[in-house]
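**Q** Just passing along the structure, written as structure tokens.
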Amino acid sequence: MKYSKLNLAKEAIRHKGFVQKIPDIFRMVKTWRRGEYPMRSLDIILPLLGMLYVISPIDLLPEVAVPVIGVLDDLAVLSLAIPKLIREVDKFLLWEADRKYNTAGAKIIDAEIIE
């Protein structure tokens, strides 16, 4: 089976873990802020706010007062924020690969990644 460069980029995206995608997250935010990458503000702001909430020492349910339940609210926020952020980064990487390798001038419209 012959692969195009875009298909090879899609395969590479699937094999990257979250930690390896951190530089891609920063690049996505920079590209979005410059106005080059079309994305809704909520699609990036909400996951980043979730990550900040987990890092922040201020919690709705503090770990000191309620040891087990205090950690559960952080885990709940992470379980919502990380998958959303990974989906957005995957969309960005596909957009970036399409922009780099597509010579026909076609554009990717907002799409959902299905595994």
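Please note that chains go A, B, ... in the order of the structure tokens, that every chain numbers its residues from 1, and that ligands are numbered from 1 in the order shown.
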Which residues, written as a list in words, have at least one atom at most 12 Å from range 72-74 of chain A, with only C-alpha atoms counted and residues fewer than 3 positions away on the same chain left out?

**A** Gly50, Met51, Leu52, Tyr53, Val54, Ile55, Ser56, Pro57, Ile58, Asp59, Leu60, Leu61, Pro62, Glu63, Val66, Pro67, Val68, Ile69, Val77, Leu78, Ser79, Leu80, Ala81 and Ile82 of chain A

**Q** Write a file of the just-selected residues containing N, CA, C and O atoms, as a compact mmCIF listing (two decimals), in the first residue's frame.

**A**
```
# COMPACT_ATOMS: atom_id res chain seq x y z
N GLY A 50 -8.53 24.05 32.56
CA GLY A 50 -8.58 22.81 33.34
C GLY A 50 -7.20 22.39 33.82
O GLY A 50 -7.03 21.99 34.98
N MET A 51 -6.21 22.51 32.95
CA MET A 51 -4.84 22.18 33.34
C MET A 51 -4.34 23.14 34.43
O MET A 51 -3.68 22.72 35.37
N LEU A 52 -4.66 24.42 34.28
CA LEU A 52 -4.26 25.40 35.30
C LEU A 52 -4.93 25.12 36.64
O LEU A 52 -4.33 25.30 37.69
N TYR A 53 -6.19 24.67 36.61
CA TYR A 53 -6.91 24.35 37.84
C TYR A 53 -6.21 23.22 38.59
O TYR A 53 -6.08 23.25 39.81
N VAL A 54 -5.76 22.22 37.86
CA VAL A 54 -5.10 21.08 38.50
C VAL A 54 -3.76 21.51 39.10
O VAL A 54 -3.40 21.09 40.20
N ILE A 55 -3.03 22.38 38.41
CA ILE A 55 -1.73 22.84 38.91
C ILE A 55 -1.90 23.80 40.08
O ILE A 55 -1.08 23.82 41.00
N SER A 56 -2.97 24.58 40.06
CA SER A 56 -3.19 25.61 41.06
C SER A 56 -3.36 25.03 42.46
O SER A 56 -3.96 23.97 42.65
N PRO A 57 -2.86 25.74 43.49
CA PRO A 57 -3.04 25.26 44.86
C PRO A 57 -4.46 25.51 45.38
O PRO A 57 -4.84 24.96 46.41
N ILE A 58 -5.24 26.31 44.69
CA ILE A 58 -6.61 26.61 45.10
C ILE A 58 -7.54 25.56 44.49
O ILE A 58 -7.55 25.37 43.28
N ASP A 59 -8.33 24.90 45.32
CA ASP A 59 -9.25 23.85 44.87
C ASP A 59 -10.64 24.08 45.44
O ASP A 59 -10.80 24.70 46.49
N LEU A 60 -11.64 23.53 44.75
CA LEU A 60 -12.99 23.53 45.30
C LEU A 60 -13.06 22.60 46.51
O LEU A 60 -13.68 22.89 47.51
N LEU A 61 -12.44 21.45 46.36
CA LEU A 61 -12.35 20.47 47.45
C LEU A 61 -10.87 20.27 47.78
O LEU A 61 -10.18 19.50 47.11
N PRO A 62 -10.34 20.95 48.80
CA PRO A 62 -8.91 20.85 49.10
C PRO A 62 -8.50 19.45 49.54
O PRO A 62 -9.24 18.76 50.25
N GLU A 63 -7.31 19.04 49.11
CA GLU A 63 -6.80 17.72 49.47
C GLU A 63 -6.52 17.60 50.96
O GLU A 63 -6.60 16.52 51.53
N VAL A 66 -10.26 17.21 52.72
CA VAL A 66 -10.93 15.98 52.32
C VAL A 66 -9.94 15.19 51.44
O VAL A 66 -9.93 15.35 50.23
N PRO A 67 -9.11 14.33 52.06
CA PRO A 67 -8.00 13.72 51.32
C PRO A 67 -8.37 12.95 50.05
O PRO A 67 -7.81 13.19 49.01
N VAL A 68 -9.32 12.07 50.09
CA VAL A 68 -9.63 11.25 48.92
C VAL A 68 -10.47 12.02 47.91
O VAL A 68 -10.17 12.03 46.72
N ILE A 69 -11.50 12.68 48.36
CA ILE A 69 -12.39 13.42 47.46
C ILE A 69 -11.69 14.65 46.88
O ILE A 69 -11.96 15.05 45.76
N VAL A 77 -11.35 16.81 36.46
CA VAL A 77 -10.99 17.89 35.54
C VAL A 77 -9.98 17.41 34.51
O VAL A 77 -10.10 17.71 33.32
N LEU A 78 -8.99 16.63 34.95
CA LEU A 78 -8.01 16.09 34.00
C LEU A 78 -8.64 15.14 32.99
O LEU A 78 -8.27 15.15 31.82
N SER A 79 -9.59 14.34 33.44
CA SER A 79 -10.23 13.39 32.53
C SER A 79 -11.05 14.10 31.46
O SER A 79 -11.33 13.53 30.40
N LEU A 80 -11.45 15.32 31.72
CA LEU A 80 -12.17 16.10 30.71
C LEU A 80 -11.22 16.96 29.86
O LEU A 80 -11.42 17.11 28.66
N ALA A 81 -10.18 17.51 30.49
CA ALA A 81 -9.31 18.46 29.80
C ALA A 81 -8.33 17.79 28.85
O ALA A 81 -8.14 18.25 27.72
N ILE A 82 -7.69 16.72 29.28
CA ILE A 82 -6.64 16.11 28.46
C ILE A 82 -7.18 15.53 27.15
O ILE A 82 -6.62 15.81 26.09
```

**Q** Would you compute the distance between CA of Lys84 in chain A and CA of Ala65 in chain A? Give it in Å to one decimal.

**A**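 Atom-to-atom, CA of Lys84 in chain A to CA of Ala65 in chain A, that is 29.7 Å.
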
**Q** Can you work out the spacing between CA of Arg40 in chain A and CA of Lys100 in chain A in Å, to one decimal?

**A**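 Atom-to-atom, CA of Arg40 in chain A and CA of Lys100 in chain A are spaced 22.0 Å apart.
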
**Q** Can you pull out the residues contacting Ile86 in chain A? Cut-off 12 Å, using only C-alpha atoms, and skip same-chain residues under 5 positions away; I want them as a ChimeraX atom specification.

**A** /A:13-14,16-22,24-25,28,43-44,47-48,78-81,91-93,113

**Q** Write out as a ChimeraX atom specification all residues of range 27-88 of chain A that DSSP puts in helix (DSSP H, G or I) for this structure's backbone.

**A** /A:27-33,41-55,67-88
